[in-house]
>>> print(open('target.txt').read())   # compact mmCIF, C-alpha atoms
# COMPACT_ATOMS: atom_id res chain seq x y z
CA MET P 1 -7.01 11.27 24.37
CA LYS P 2 -3.73 12.84 23.34
CA ILE P 3 -2.29 10.71 20.57
CA ALA P 4 1.13 11.09 18.97
CA ILE P 5 1.60 9.52 15.55
CA VAL P 6 5.10 9.10 14.18
CA THR P 7 6.15 8.02 10.71
CA PRO P 8 9.62 8.25 9.18
CA ALA P 9 8.05 9.48 5.93
CA ALA P 10 8.83 13.19 5.65
CA VAL P 11 6.35 16.02 5.31
CA GLY P 12 5.39 16.31 1.65
CA SER P 13 6.28 12.67 1.00
CA ARG P 14 3.91 10.76 -1.27
CA THR P 15 4.64 7.38 0.28
CA GLY P 16 1.85 5.13 1.47
CA ASN P 17 3.01 5.41 5.08
CA ARG P 18 2.69 9.20 5.02
CA HIS P 19 -0.79 8.97 3.55
CA THR P 20 -1.77 6.45 6.24
CA ALA P 21 -0.45 8.62 9.08
CA GLN P 22 -2.21 11.73 7.78
CA ARG P 23 -5.48 9.88 7.27
CA TRP P 24 -5.38 8.35 10.75
CA ALA P 25 -4.65 11.71 12.37
CA ALA P 26 -7.67 13.24 10.61
CA MET P 27 -9.92 10.32 11.59
CA LEU P 28 -8.88 10.48 15.23
CA ARG P 29 -9.41 14.24 15.37
CA ALA P 30 -12.86 13.80 13.82
CA ALA P 31 -13.65 11.38 16.67
CA GLY P 32 -12.71 14.02 19.27
CA HIS P 33 -9.13 13.03 20.05
CA LYS P 34 -6.07 15.27 19.90
CA ALA P 35 -3.69 13.79 17.33
CA ALA P 36 -0.25 15.20 16.49
CA LEU P 37 1.79 13.91 13.55
CA ALA P 38 5.60 13.99 13.39
CA ILE P 39 8.58 12.22 11.87
CA GLU P 40 9.95 11.45 15.36
CA TRP P 41 8.45 11.62 18.83
CA ASP P 42 9.65 14.89 20.36
CA GLY P 43 8.82 14.13 23.97
CA CYS P 44 5.41 15.80 23.97
CA ALA P 45 2.90 14.42 26.46
CA ALA P 46 0.78 11.68 24.92
CA ASP P 47 -1.61 9.05 26.21
CA VAL P 48 -0.86 6.88 23.18
CA LEU P 49 2.01 6.68 20.71
CA ILE P 50 1.19 5.16 17.32
CA ALA P 51 4.43 4.42 15.48
CA LEU P 52 4.47 3.40 11.84
CA HIS P 53 7.45 1.18 11.00
CA ALA P 54 9.00 -1.04 13.69
CA ARG P 55 12.60 -0.53 12.56
CA ARG P 56 12.71 3.04 11.30
CA SER P 57 10.63 4.42 14.18
CA HIS P 58 12.51 2.39 16.79
CA ALA P 59 14.26 5.40 18.36
CA SER P 60 10.91 7.10 18.99
CA ILE P 61 9.43 3.86 20.33
CA LEU P 62 12.34 3.41 22.75
CA ARG P 63 12.24 7.04 23.98
CA PHE P 64 8.49 6.86 24.56
CA ARG P 65 8.74 3.60 26.48
CA GLU P 66 11.55 5.00 28.66
CA ALA P 67 9.58 8.20 29.35
CA TYR P 68 6.27 6.39 29.89
CA PRO P 69 6.89 2.84 31.11
CA GLU P 70 3.13 2.26 31.36
CA GLY P 71 2.23 4.38 28.34
CA LYS P 72 0.08 2.96 25.57
CA LEU P 73 2.23 2.05 22.57
CA VAL P 74 0.99 0.84 19.19
CA VAL P 75 3.38 -0.25 16.43
CA VAL P 76 2.03 -0.42 12.88
CA LEU P 77 3.89 -2.90 10.70
CA THR P 78 4.80 -1.94 7.15
CA GLY P 79 5.67 -4.33 4.33
CA THR P 80 9.40 -4.13 4.92
CA ASP P 81 8.78 -4.74 8.63
CA LEU P 82 6.63 -7.82 8.13
CA TYR P 83 8.44 -9.46 5.27
CA ARG P 84 12.05 -8.51 6.04
CA ASP P 85 13.11 -6.50 9.08
CA ILE P 86 11.39 -8.29 11.97
CA HIS P 87 13.09 -11.52 10.96
CA TYR P 88 16.62 -10.09 11.08
CA ASP P 89 16.78 -6.68 12.73
CA ALA P 90 17.19 -6.44 16.52
CA ASP P 91 15.66 -2.94 16.72
CA ALA P 92 12.54 -4.05 14.86
CA GLN P 93 12.23 -7.13 17.06
CA LEU P 94 12.53 -5.04 20.23
CA SER P 95 9.86 -2.63 18.95
CA LEU P 96 7.45 -5.57 18.67
CA LYS P 97 8.13 -6.60 22.27
CA LEU P 98 7.71 -3.09 23.68
CA ALA P 99 4.33 -2.47 22.05
CA GLN P 100 1.05 -3.21 23.81
CA ARG P 101 -0.61 -3.60 20.44
CA LEU P 102 0.62 -4.33 16.92
CA VAL P 103 -1.32 -3.42 13.79
CA VAL P 104 -1.15 -5.11 10.41
CA LEU P 105 -2.94 -3.68 7.38
CA GLN P 106 -4.33 -6.91 5.94
CA ASP P 107 -5.16 -10.28 7.44
CA GLU P 108 -2.32 -12.22 5.80
CA GLY P 109 0.03 -10.03 7.85
CA LEU P 110 -0.80 -12.04 10.97
CA LYS P 111 0.85 -15.11 9.45
CA ALA P 112 4.19 -13.28 9.12
CA LEU P 113 4.37 -12.69 12.88
CA PRO P 114 5.72 -15.14 15.45
CA ARG P 115 2.74 -16.95 16.95
CA PRO P 116 3.18 -15.48 20.49
CA LEU P 117 2.71 -11.94 19.08
CA ARG P 118 -0.51 -12.60 17.18
CA ALA P 119 -2.78 -12.27 20.24
CA LYS P 120 -1.85 -8.60 20.65
CA THR P 121 -2.13 -7.85 16.93
CA ARG P 122 -5.11 -6.19 15.27
CA VAL P 123 -5.99 -5.88 11.57
CA VAL P 124 -6.98 -2.43 10.29
CA TYR P 125 -7.57 -2.22 6.55
CA GLN P 126 -6.60 1.07 4.95
CA SER P 127 -9.33 3.06 3.27
CA ALA P 128 -9.59 5.26 0.23
CA GLN P 129 -11.87 8.21 -0.37
CA VAL P 130 -12.02 8.89 -4.09
CA LYS P 131 -14.23 11.50 -5.72
CA ALA P 132 -13.37 10.61 -9.30
CA LYS P 133 -15.38 8.09 -11.28
CA ALA P 134 -13.82 5.46 -13.51
CA HIS P 135 -13.84 6.63 -17.14
CA PRO P 136 -11.25 4.66 -19.15
CA PRO P 137 -10.61 5.46 -22.81
CA ALA P 138 -12.89 3.75 -25.31
CA LYS P 139 -10.32 2.89 -27.98
CA THR P 140 -7.17 2.16 -25.97
CA PHE P 141 -6.62 -0.46 -23.28
CA ARG P 142 -4.79 1.57 -20.64
CA ILE P 143 -2.88 -0.07 -17.80
CA CYS P 144 -1.78 1.96 -14.80
CA VAL P 145 1.15 1.27 -12.46
CA LEU P 146 1.23 3.31 -9.24
CA GLY P 147 4.37 3.12 -7.13
CA HIS P 148 7.70 4.76 -6.59
CA LEU P 149 10.63 3.34 -8.51
CA ARG P 150 12.39 1.23 -5.90
CA GLU P 151 13.45 -2.38 -5.64
CA GLU P 152 10.64 -3.47 -3.31
CA LYS P 153 8.05 -2.47 -5.93
CA ASP P 154 9.64 -4.46 -8.79
CA PRO P 155 8.63 -1.34 -10.72
CA PHE P 156 9.36 -2.37 -14.31
CA ARG P 157 7.73 -5.81 -14.40
CA ALA P 158 4.67 -4.49 -16.25
CA ALA P 159 6.90 -2.69 -18.76
CA LEU P 160 8.79 -5.93 -19.37
CA ALA P 161 5.49 -7.76 -19.83
CA LEU P 162 4.43 -5.11 -22.35
CA LYS P 163 7.38 -6.10 -24.55
CA LEU P 164 5.80 -9.56 -24.88
CA ILE P 165 2.49 -8.19 -26.17
CA PRO P 166 2.31 -7.75 -29.97
CA ALA P 167 2.86 -4.20 -31.19
CA THR P 168 -0.41 -4.42 -33.09
CA GLU P 169 -2.39 -4.37 -29.83
CA ILE P 170 -3.87 -0.96 -28.99
CA ILE P 171 -2.54 -0.76 -25.45
CA GLU P 172 -0.63 1.71 -23.31
CA LEU P 173 1.06 1.49 -19.93
CA VAL P 174 1.14 4.63 -17.77
CA HIS P 175 3.56 4.51 -14.84
CA LEU P 176 3.38 7.05 -12.01
CA GLY P 177 6.01 7.17 -9.29
CA LYS P 178 9.05 9.04 -8.10
CA PRO P 179 12.46 7.50 -8.88
CA MET P 180 14.38 6.50 -5.76
CA SER P 181 17.71 6.54 -7.59
CA PRO P 182 19.21 7.96 -10.80
CA ALA P 183 19.62 4.39 -12.06
CA MET P 184 15.87 3.77 -11.71
CA ALA P 185 15.07 6.97 -13.61
CA ALA P 186 17.52 6.00 -16.36
CA GLN P 187 15.95 2.56 -16.68
CA ALA P 188 12.46 4.06 -17.02
CA LYS P 189 13.69 6.39 -19.77
CA ASP P 190 15.37 3.50 -21.59
CA LEU P 191 12.13 1.52 -21.49
CA MET P 192 10.22 4.48 -22.93
CA ARG P 193 12.69 4.73 -25.79
CA ASP P 194 12.33 1.01 -26.46
CA ASP P 195 8.53 0.99 -26.51
CA ALA P 196 6.39 4.08 -27.13
CA ARG P 197 3.42 2.33 -25.47
CA TYR P 198 5.15 2.77 -22.08
CA ARG P 199 4.90 6.23 -20.49
CA TRP P 200 6.61 7.04 -17.21
CA LEU P 201 5.20 10.31 -15.85
CA GLY P 202 7.23 10.54 -12.63
CA GLY P 203 5.78 11.47 -9.26
CA LEU P 204 2.53 13.45 -9.52
CA PRO P 205 0.27 14.98 -6.85
CA HIS P 206 -2.12 12.46 -5.34
CA GLY P 207 -5.22 13.89 -7.03
CA ARG P 208 -3.67 13.68 -10.49
CA THR P 209 -2.46 10.16 -9.77
CA LEU P 210 -5.98 9.08 -8.87
CA ASP P 211 -7.29 10.69 -12.04
CA TRP P 212 -4.92 8.54 -14.13
CA LEU P 213 -6.06 5.47 -12.20
CA ALA P 214 -9.70 6.37 -12.90
CA ARG P 215 -8.87 6.69 -16.60
CA SER P 216 -7.42 3.18 -16.81
CA GLN P 217 -8.98 -0.19 -17.53
CA LEU P 218 -6.59 -2.02 -15.24
CA MET P 219 -3.94 -1.51 -12.55
CA VAL P 220 -0.84 -3.67 -12.06
CA ILE P 221 0.80 -3.94 -8.64
CA SER P 222 4.00 -5.93 -9.04
CA SER P 223 5.61 -5.55 -5.61
CA ARG P 224 8.06 -7.88 -3.92
CA MET P 225 6.61 -6.95 -0.51
CA GLU P 226 3.64 -4.90 0.67
CA GLY P 227 2.19 -4.25 4.09
CA GLY P 228 -1.18 -3.31 2.58
CA ALA P 229 -1.07 -1.18 -0.54
CA ASN P 230 -3.07 2.07 -0.57
CA ALA P 231 -3.20 1.73 -4.36
CA ILE P 232 -5.26 -1.46 -4.09
CA ALA P 233 -7.78 0.25 -1.82
CA GLU P 234 -8.00 3.16 -4.26
CA ALA P 235 -8.47 0.87 -7.25
CA ALA P 236 -11.18 -1.08 -5.44
CA CYS P 237 -13.08 2.09 -4.54
CA LEU P 238 -12.90 3.22 -8.17
CA GLY P 239 -13.88 -0.20 -9.46
CA VAL P 240 -10.64 -0.57 -11.45
CA PRO P 241 -9.53 -4.23 -11.64
CA VAL P 242 -6.06 -5.21 -10.46
CA LEU P 243 -3.46 -7.71 -11.61
CA ALA P 244 -1.12 -8.40 -8.69
CA SER P 245 2.01 -10.32 -7.80
CA ALA P 246 1.03 -13.30 -5.65
CA ILE P 247 2.66 -12.08 -2.44
CA PRO P 248 1.05 -12.21 1.03
CA GLY P 249 0.46 -8.44 1.25
CA ASN P 250 -1.50 -8.40 -2.01
CA ILE P 251 -3.39 -11.60 -1.21
CA GLY P 252 -4.39 -10.16 2.16
CA MET P 253 -5.89 -7.14 0.43
CA LEU P 254 -7.57 -8.88 -2.51
CA GLY P 255 -8.48 -12.27 -1.03
CA ALA P 256 -7.14 -15.76 -1.64
CA ASP P 257 -9.65 -16.50 -4.42
CA TYR P 258 -9.02 -13.31 -6.42
CA PRO P 259 -8.54 -14.28 -10.11
CA GLY P 260 -5.80 -11.79 -11.02
CA TYR P 261 -2.54 -13.10 -9.52
CA TYR P 262 0.72 -13.96 -11.26
CA PRO P 263 3.97 -15.33 -9.77
CA PHE P 264 6.21 -12.53 -8.51
CA GLY P 265 8.82 -11.46 -11.04
CA ASP P 266 7.29 -13.42 -13.92
CA GLU P 267 6.63 -11.02 -16.79
CA THR P 268 5.61 -13.88 -19.10
CA ALA P 269 2.76 -14.86 -16.78
CA LEU P 270 1.81 -11.21 -16.34
CA ALA P 271 1.74 -10.67 -20.12
CA LYS P 272 -0.60 -13.64 -20.48
CA LEU P 273 -3.00 -12.16 -17.92
CA LEU P 274 -2.84 -8.76 -19.60
CA GLY P 275 -3.69 -10.34 -22.93
CA LYS P 276 -6.51 -12.31 -21.37
CA ALA P 277 -7.98 -9.18 -19.75
CA MET P 278 -7.79 -7.31 -23.07
CA ARG P 279 -9.23 -10.02 -25.30
CA HIS P 280 -11.68 -11.92 -23.10
CA GLN P 281 -14.52 -9.84 -21.72
CA SER P 282 -15.66 -12.67 -19.43
CA TYR P 283 -12.28 -12.68 -17.65
CA TYR P 284 -12.17 -8.90 -17.41
CA GLN P 285 -15.66 -8.84 -15.90
CA SER P 286 -14.63 -11.52 -13.38
CA LEU P 287 -11.85 -9.18 -12.25
CA LYS P 288 -14.32 -6.31 -11.93
CA ARG P 289 -16.70 -8.42 -9.84
CA ALA P 290 -13.90 -9.64 -7.59
CA ILE P 291 -12.53 -6.14 -6.92
CA ALA P 292 -16.04 -4.84 -6.22
CA ALA P 293 -16.53 -7.60 -3.65
CA ARG P 294 -13.59 -6.24 -1.62
CA ARG P 295 -14.68 -2.59 -1.69
CA HIS P 296 -16.46 -2.71 1.67
CA LEU P 297 -13.14 -3.37 3.42
CA PHE P 298 -11.67 -0.08 2.25
CA ARG P 299 -14.39 2.40 3.23
CA PRO P 300 -13.25 5.28 5.50
CA ARG P 301 -15.88 4.50 8.13
CA SER P 302 -14.57 0.92 8.36
CA GLU P 303 -10.99 2.12 8.88
CA GLN P 304 -12.05 4.71 11.47
CA ALA P 305 -14.08 2.09 13.33
CA GLY P 306 -11.01 -0.15 13.41
CA LEU P 307 -8.89 2.64 14.87
CA LEU P 308 -11.44 3.46 17.54
CA ARG P 309 -11.75 -0.23 18.49
CA LEU P 310 -7.97 -0.29 18.85
CA LEU P 311 -8.05 2.64 21.28
CA ARG P 312 -10.86 1.09 23.33
CA ASP P 313 -8.85 -2.12 23.38
CA LEU P 314 -5.93 -0.24 24.93
CA ALA P 315 -8.01 1.33 27.72
>>> encode(input="target.txt", output="structure tokens")
Amino acid sequence: MKIAIVTPAAVGSRTGNRHTAQRWAAMLRAAGHKAALAIEWDGCAADVLIALHARRSHASILRFREAYPEGKLVVVLTGTDLYRDIHYDADAQLSLKLAQRLVVLQDEGLKALPRPLRAKTRVVYQSAQVKAKAHPPAKTFRICVLGHLREEKDPFRAALALKLIPATEIIELVHLGKPMSPAMAAQAKDLMRDDARYRWLGGLPHGRTLDWLARSQLMVISSRMEGGANAIAEAACLGVPVLASAIPGNIGMLGADYPGYYPFGDETALAKLLGKAMRHQSYYQSLKRAIAARRHLFRPRSEQAGLLRLLRDLA
């Protein structure tokens, strides 16, 4: 099959959507398909168009449907699609109607869709292939935050929680992510000046980011909305426990009974969980067991099998 994959994330971007598109293209090629990746559909012949982002890829979706009225069209729903745009944006809503199949990246995503659309929706968990092994420092409790500095990530919630943890605790918070605005960069620098335990390292290459994750005892994902965070899959494959905001996208990745949730935006609750993970080995080990139990969902062969089932489903 000739498959066109479009994502609005630019070449060289370190966003989750770009990583997903690149990974899917490689998996489809490995299975014998021809897969081309672009920011927009350029009119090239394709048996299938896979479009990441219902709103931002709408122009490509519309052009493909006009060129190929019977063509196979798959729309992959991101966090901002599921938990914002499809409820208000006419372009995003039309993209859902035009698609033969919709894809969500975790099973809670189905609940965000209007009931009539759920029958044509498939769940494909994202995978992670990590070569590093977890090796956190012995004398410091290191927490890692992975995510660009933008509003949807609530990027400074862990840093605000750190302020509530006594200065006598041997703890550090390492934050990796590109600032999406000068104001976000300025806020990160202010937080570093206020508390030397907080280190913002900016956007790093993916391999170096994974190395920091492997050298941490814990990861915090504090997002307001997530379609299905790559960072959770990576943490699970490394065996690094996660504390997460209790939003549908995180619950869909980690499971409803995962013991590491806190209410979104509540740094006091997050600080309590951080303290509990540091001081109570039984709780920390419960997090490790729970993240290990989800690892099978995020294996590359599972993701590739999901993609190939999706294509067979379209035939």
>>> residues_around(input="target.txt", residues="stretch 36-43 of chain P", least_positions_apart="3", cutoff="6 Å", atoms="only C-alpha atoms", output="PyMOL selection string")
chain P and resi 4-8+60
>>> write_last_selection(input="target.txt", atoms="C-alpha atoms", output="CSV table (one decimal), keeping the file's coordinate frame")
chain,number,residue,atom,x,y,z
P,4,ALA,CA,1.1,11.1,19.0
P,5,ILE,CA,1.6,9.5,15.6
P,6,VAL,CA,5.1,9.1,14.2
P,7,THR,CA,6.2,8.0,10.7
P,8,PRO,CA,9.6,8.2,9.2
P,60,SER,CA,10.9,7.1,19.0
>>> closest_residue(input="target.txt", among="P:Gln126, P:Phe64, P:Ile247, P:Arg215", to="P:His296", atoms="only C-alpha atoms")
P:Gln126
>>> closest_residue(input="target.txt", among="P:Thr268, P:Thr140, P:Ser245, P:Asn250", to="P:Gly227", atoms="all atoms listed in the file")
P:Asn250
>>> residues_near_point(input="target.txt", point="(-6.1, 7.3, -13.7)", cutoff="12 Å", atoms="all atoms listed in the file", output="MDAnalysis selection string")
chainID P and resid 130 132:137 142:146 173:176 201 204 206:219 231 234:235 238:240
>>> residues_around(input="target.txt", residues="stretch 148-163 of chain P", least_positions_apart="6", cutoff="8 Å", atoms="only C-alpha atoms", output="list in words")
Thr15, Leu173, Leu176, Gly177, Lys178, Pro179, Met180, Ser181, Met184, Ala185, Ala188, Leu191, Asp195, Tyr198, Gly203, Val220, Ile221, Ser222, Ser223, Arg224, Met225, Gly265, Asp266, Glu267, Thr268, Leu270 and Ala271 of chain P
>>> closest_residue(input="target.txt", among="P:Arg63, P:His19, P:Lys189, P:Lys2", to="P:Lys34", atoms="only C-alpha atoms")
P:Lys2
